[in-house]
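Below is one structure, written out as C-alpha cells; the observations come after it.
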Amino acid sequence: MLQLPPHSPFRGRPLRIVAGVVVLLALAGYVAAHFLSGGPANTRCVVRGGDGAQGGGARYELTAEQAVNASVISAVGTSRGMPERAVTIALATALQESALRNIEHGDRDSLGLFQQRPSQGWGTADQILDPAYSAGRFYQHLNEVPGYSRLPLTVAAQRVQKSGFPQAYAKHETDAALLASALTGRTPASLSCEASQGGTDGRGGDPAEVRKQLTAAFGPDVLPAVRGAGGPAAGGAGAAGKTVVVPVPGASAGDGREGARGAGAQRGWEVAHWAMAHSVELRIARIAYAGQEWRADQGDRGWRRVPNAGSGTDSAEVRITTAG
C-alpha cells in the first residue's frame, strides 16, 4: 500500500474537505432560516407610481429594512416642515451613501444612512447611528443651502455631503422621487409590503412600541394625550388593546373615504405608509385608512377597498393594529 510521506499535501485533506462541507452546510442552513423567517432584511416592499391601489406606472422594490429607514427620513423631513423636494434629495442621498441601510462602517469614520463623520462635527457615533438624528442633521444642513429646492439634486446633495463623487446622486433621483411621493402621503395606497410575516406567525406586537416609534418619527403631537381611563384614547389602544389610533388633522369622517385627498388626507396616508414600512418590525396585523385596509392575513402585498367602509377606515384617523 502506498504510504504518504509525513508532510504530504494530501495527508489530512479528507478531514479538511469534511470540515469545509460542514461549514458550508451550516452557513446554508443559517441563510435559509434567516430568509424563511421573513426578517426586515428579506421581506420585500413595493412602491407604485400613479394610483398605488390600482398598480401600473413606475415601480420600485426595496426590503422592509430599507423601507423603515426611508419612512423615518421622510417623517423627520415633513415634521420639520420640509417640502417633498427636500425628502427626495435626502432619500437619493441615503440611497447612494448607504443603500438605505444603517451601516456601522464606511470611508474613514463615516457611519449611518448618510455616512456622516463624527470627526467632522456631525455628532457622536451613537447619535449618527440613530436614523432620526442623522436625517435631522441632513435636513438642518440642507435647509442652509440657499434655494436648494430649485437646484439640481446632485448640486443640492453635494452642498451638504461634499462627496468625492457628486454626480453619483443623480442615478437615484427617479426612485427617490417615487419613494418621496408615497412616504409623504401624496400618492395614496402606493406602498405595500409582503403580508406573510406581518403578524401571522403567532408572535405578538406591542402597541406601546408603535406609539414610541411614531412619536420618535413625527414628534409628540402625532399622538394627543390619552383621555380619561374610562373612554377611548386618541392615539391610545382599542380592539382589545392592540390598536393604535392616530387622528388625522384637517380630515373628518365624511372627507372622501374612497380615495381621500387634500392636506389632511395626505397626512393620513403618510402615517399609514409609515405603518406599512414598519409592519414586519412592529408585528402589525392591520392598517386601515380612508376606506382602505391592509391585512397581514390576506397573504398578499396590497391595499384593499373596504365595502361599506367603517370600523376605523375613514379619513379622520389611521388605525394600526398589532398582532397577537
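Identifiers in this document derive from the order of the C-alpha cells: chains are assigned A, B, ..., residues are numbered from 1 separately in each chain, and ligands are numbered from 1 in order of occurrence.
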Do you know which residues are at most 12 Å from Gln120 (chain A) counting only C-alpha atoms, after dropping those on the same chain fewer than 2 positions away, and could you put them as a PDB file with N, CA and C atoms, in the first residue's frame?
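around35.pdb written:
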```pdb
ATOM      1  N   ARG A 108     -13.193  56.015   6.093  1.00  0.00           N
ATOM      2  CA  ARG A 108     -12.651  56.588   7.328  1.00  0.00           C
ATOM      3  C   ARG A 108     -13.639  56.376   8.472  1.00  0.00           C
ATOM      4  N   ASP A 109     -14.150  57.424   9.083  1.00  0.00           N
ATOM      5  CA  ASP A 109     -15.053  57.214  10.219  1.00  0.00           C
ATOM      6  C   ASP A 109     -16.512  57.448   9.855  1.00  0.00           C
ATOM      7  N   SER A 110     -16.860  57.328   8.574  1.00  0.00           N
ATOM      8  CA  SER A 110     -18.240  57.549   8.119  1.00  0.00           C
ATOM      9  C   SER A 110     -19.168  56.460   8.658  1.00  0.00           C
ATOM     10  N   LEU A 111     -20.390  56.872   9.019  1.00  0.00           N
ATOM     11  CA  LEU A 111     -21.352  55.957   9.631  1.00  0.00           C
ATOM     12  C   LEU A 111     -22.768  56.277   9.164  1.00  0.00           C
ATOM     13  N   GLN A 115     -23.729  58.384   5.909  1.00  0.00           N
ATOM     14  CA  GLN A 115     -22.272  58.295   6.025  1.00  0.00           C
ATOM     15  C   GLN A 115     -21.675  59.587   6.600  1.00  0.00           C
ATOM     16  N   GLN A 116     -22.257  60.020   7.695  1.00  0.00           N
ATOM     17  CA  GLN A 116     -21.779  61.213   8.383  1.00  0.00           C
ATOM     18  C   GLN A 116     -20.601  60.854   9.283  1.00  0.00           C
ATOM     19  N   ARG A 117     -19.699  61.806   9.473  1.00  0.00           N
ATOM     20  CA  ARG A 117     -18.448  61.522  10.181  1.00  0.00           C
ATOM     21  C   ARG A 117     -18.403  62.246  11.528  1.00  0.00           C
ATOM     22  N   PRO A 118     -18.227  61.503  12.609  1.00  0.00           N
ATOM     23  CA  PRO A 118     -18.083  62.153  13.917  1.00  0.00           C
ATOM     24  C   PRO A 118     -16.950  63.169  13.938  1.00  0.00           C
ATOM     25  N   TRP A 122     -20.552  65.956  12.868  1.00  0.00           N
ATOM     26  CA  TRP A 122     -21.936  65.540  12.624  1.00  0.00           C
ATOM     27  C   TRP A 122     -22.601  64.971  13.878  1.00  0.00           C
ATOM     28  N   GLY A 123     -21.834  64.692  14.903  1.00  0.00           N
ATOM     29  CA  GLY A 123     -22.373  64.108  16.130  1.00  0.00           C
ATOM     30  C   GLY A 123     -21.527  62.935  16.562  1.00  0.00           C
ATOM     31  N   THR A 124     -21.915  62.321  17.663  1.00  0.00           N
ATOM     32  CA  THR A 124     -21.207  61.128  18.116  1.00  0.00           C
ATOM     33  C   THR A 124     -21.608  59.944  17.249  1.00  0.00           C
ATOM     34  N   ALA A 125     -20.844  58.860  17.351  1.00  0.00           N
ATOM     35  CA  ALA A 125     -21.167  57.661  16.576  1.00  0.00           C
ATOM     36  C   ALA A 125     -22.557  57.151  16.932  1.00  0.00           C
ATOM     37  N   ILE A 128     -25.214  59.419  15.287  1.00  0.00           N
ATOM     38  CA  ILE A 128     -25.286  59.250  13.836  1.00  0.00           C
ATOM     39  C   ILE A 128     -25.972  57.946  13.464  1.00  0.00           C
ATOM     40  N   GLN A 161     -23.169  67.097   1.443  1.00  0.00           N
ATOM     41  CA  GLN A 161     -22.322  65.934   1.654  1.00  0.00           C
ATOM     42  C   GLN A 161     -20.847  66.172   1.351  1.00  0.00           C
ATOM     43  N   LYS A 162     -20.573  67.033   0.381  1.00  0.00           N
ATOM     44  CA  LYS A 162     -19.187  67.275  -0.048  1.00  0.00           C
ATOM     45  C   LYS A 162     -18.509  65.962  -0.417  1.00  0.00           C
TER      46      LYS A 162
END
```
Please provide the set of residues having any atom within 9 Å of His141 (chain A), restricted to only C-alpha atoms, with same-chain residues fewer than 5 positions apart removed, written as a PyMOL selection string. chain A and resi 136+159-160
Expected file: the selected residues, C-alpha atoms, as a compact mmCIF listing (two decimals), in the first residue's frame:
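Here's the written file out-v7.txt:
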```
# COMPACT_ATOMS: atom_id res chain seq x y z
CA GLY A 136 -32.46 65.66 11.13
CA ARG A 159 -23.61 71.12 -0.88
CA VAL A 160 -24.43 69.04 2.19
```
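In this comparison, which uses only C-alpha atoms, the residue of A:Cys45, A:Ala290, A:Ala70, A:Leu183 approaching Ala92 (chain A) most closely is A:Ala70.
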With distances taken over only C-alpha atoms, the candidate from A:Gly324, A:Thr93, A:Gly241, A:Trp294 nearest Lys171 (chain A) is A:Thr93
Run DSSP on the backbone and give me the residues of region 38-227 of chain A it puts in strand (DSSP E), as a PyMOL selection string. chain A and resi 44-48+59-63+191-193
Filtering to N, CA and C atoms, could you give me those residues as a PDB file, in the first residue's frame?
```pdb
ATOM      1  N   ARG A  44     -39.971  41.871   1.221  1.00  0.00           N
ATOM      2  CA  ARG A  44     -39.977  42.848   0.143  1.00  0.00           C
ATOM      3  C   ARG A  44     -41.142  43.822   0.277  1.00  0.00           C
ATOM      4  N   CYS A  45     -40.864  45.064  -0.057  1.00  0.00           N
ATOM      5  CA  CYS A  45     -41.877  46.099  -0.151  1.00  0.00           C
ATOM      6  C   CYS A  45     -41.855  46.664  -1.565  1.00  0.00           C
ATOM      7  N   VAL A  46     -42.985  47.198  -1.997  1.00  0.00           N
ATOM      8  CA  VAL A  46     -43.106  47.737  -3.344  1.00  0.00           C
ATOM      9  C   VAL A  46     -43.741  49.114  -3.282  1.00  0.00           C
ATOM     10  N   VAL A  47     -43.155  50.055  -4.025  1.00  0.00           N
ATOM     11  CA  VAL A  47     -43.753  51.379  -4.206  1.00  0.00           C
ATOM     12  C   VAL A  47     -44.207  51.475  -5.649  1.00  0.00           C
ATOM     13  N   ARG A  48     -45.446  51.896  -5.832  1.00  0.00           N
ATOM     14  CA  ARG A  48     -46.001  52.015  -7.178  1.00  0.00           C
ATOM     15  C   ARG A  48     -46.387  53.467  -7.446  1.00  0.00           C
ATOM     16  N   ARG A  59     -42.443  51.615 -10.715  1.00  0.00           N
ATOM     17  CA  ARG A  59     -42.427  50.633  -9.637  1.00  0.00           C
ATOM     18  C   ARG A  59     -41.008  50.550  -9.079  1.00  0.00           C
ATOM     19  N   TYR A  60     -40.899  50.447  -7.762  1.00  0.00           N
ATOM     20  CA  TYR A  60     -39.594  50.323  -7.127  1.00  0.00           C
ATOM     21  C   TYR A  60     -39.709  49.348  -5.977  1.00  0.00           C
ATOM     22  N   GLU A  61     -38.804  48.382  -5.912  1.00  0.00           N
ATOM     23  CA  GLU A  61     -38.802  47.389  -4.846  1.00  0.00           C
ATOM     24  C   GLU A  61     -37.668  47.655  -3.879  1.00  0.00           C
ATOM     25  N   LEU A  62     -37.933  47.407  -2.624  1.00  0.00           N
ATOM     26  CA  LEU A  62     -36.921  47.541  -1.577  1.00  0.00           C
ATOM     27  C   LEU A  62     -37.256  46.586  -0.445  1.00  0.00           C
ATOM     28  N   THR A  63     -36.308  46.361   0.440  1.00  0.00           N
ATOM     29  CA  THR A  63     -36.581  45.493   1.578  1.00  0.00           C
ATOM     30  C   THR A  63     -37.338  46.276   2.649  1.00  0.00           C
ATOM     31  N   LEU A 191     -47.633  52.257  -1.237  1.00  0.00           N
ATOM     32  CA  LEU A 191     -46.594  51.421  -0.624  1.00  0.00           C
ATOM     33  C   LEU A 191     -47.255  50.220   0.022  1.00  0.00           C
ATOM     34  N   SER A 192     -46.751  49.049  -0.295  1.00  0.00           N
ATOM     35  CA  SER A 192     -47.250  47.838   0.363  1.00  0.00           C
ATOM     36  C   SER A 192     -46.097  46.871   0.560  1.00  0.00           C
ATOM     37  N   CYS A 193     -46.197  46.072   1.610  1.00  0.00           N
ATOM     38  CA  CYS A 193     -45.153  45.108   1.946  1.00  0.00           C
ATOM     39  C   CYS A 193     -45.758  43.717   2.037  1.00  0.00           C
TER      40      CYS A 193
END
```
In terms of only C-alpha atoms, the residue from A:Gln127, A:Phe218, A:Glu270, A:Thr154 at minimal distance from Pro188 (chain A) is A:Glu270
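Between CA of Pro220 (chain A) and CA of Glu317 (chain A) the interatomic distance comes to 16.4 Å.
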(request) For Ser149 (chain A), please output as a list in words all residues within 9 Å (counting only C-alpha atoms; exclusion window: fewer than 3 positions along the same chain). (result) Pro83, Arg85, Ala86, Ile89, Pro146, Pro152, Leu153 and Ala156 of chain A
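Here the question is which of A:Leu151, A:Val87, A:Ala176, A:Ala168 gets nearest to Phe138 (chain A) using only C-alpha atoms, and that residue is A:Val87.
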Write out as an MDAnalysis selection string the set of residues from region 51-274 of chain A that DSSP, computed on the backbone, places in alpha helix (DSSP H). chainID A and resid 64:79 84:98 125:128 131:143 153:161 173:183 207:218 262:274
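All residues of protein, DNA or RNA that reach within 10 Å of Gly250 (chain A), judged by only C-alpha atoms and not counting those fewer than 4 positions away in the chain, are Asp255, Gly262, Ala263, Gly264, Ala265, Gln266, Arg267, Gly268, Ser315 and Ala316 of chain A.
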Store the residues of this selection in a file with C-alpha atoms, as a PDB file, in the first residue's frame.
```pdb
ATOM      1  CA  ASP A 255     -63.947  63.540   3.950  1.00  0.00           C
ATOM      2  CA  GLY A 262     -56.234  67.208   0.472  1.00  0.00           C
ATOM      3  CA  ALA A 263     -53.654  68.143   3.087  1.00  0.00           C
ATOM      4  CA  GLY A 264     -55.360  66.221   5.887  1.00  0.00           C
ATOM      5  CA  ALA A 265     -55.733  63.086   3.812  1.00  0.00           C
ATOM      6  CA  GLN A 266     -52.107  63.315   2.679  1.00  0.00           C
ATOM      7  CA  ARG A 267     -51.018  63.354   6.307  1.00  0.00           C
ATOM      8  CA  GLY A 268     -53.166  60.286   6.903  1.00  0.00           C
ATOM      9  CA  SER A 315     -60.256  59.795   6.812  1.00  0.00           C
ATOM     10  CA  ALA A 316     -60.359  61.175  10.358  1.00  0.00           C
TER      11      ALA A 316
END
```
Could you give me, as an mmCIF file with C-alpha atoms, in the first residue's frame, the residues within 7 Å of Arg305 (chain A), counting only C-alpha atoms and dropping anything in the same chain fewer than 3 positions from it?
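Full text of around-v1.cif as output:
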```
data_model
loop_
_atom_site.group_PDB
_atom_site.id
_atom_site.type_symbol
_atom_site.label_atom_id
_atom_site.label_comp_id
_atom_site.auth_asym_id
_atom_site.auth_seq_id
_atom_site.Cartn_x
_atom_site.Cartn_y
_atom_site.Cartn_z
ATOM 1 C CA GLY A 291 -61.866 53.333 3.067
ATOM 2 C CA GLN A 292 -58.920 51.007 2.519
ATOM 3 C CA GLU A 293 -57.095 48.473 4.606
#
```
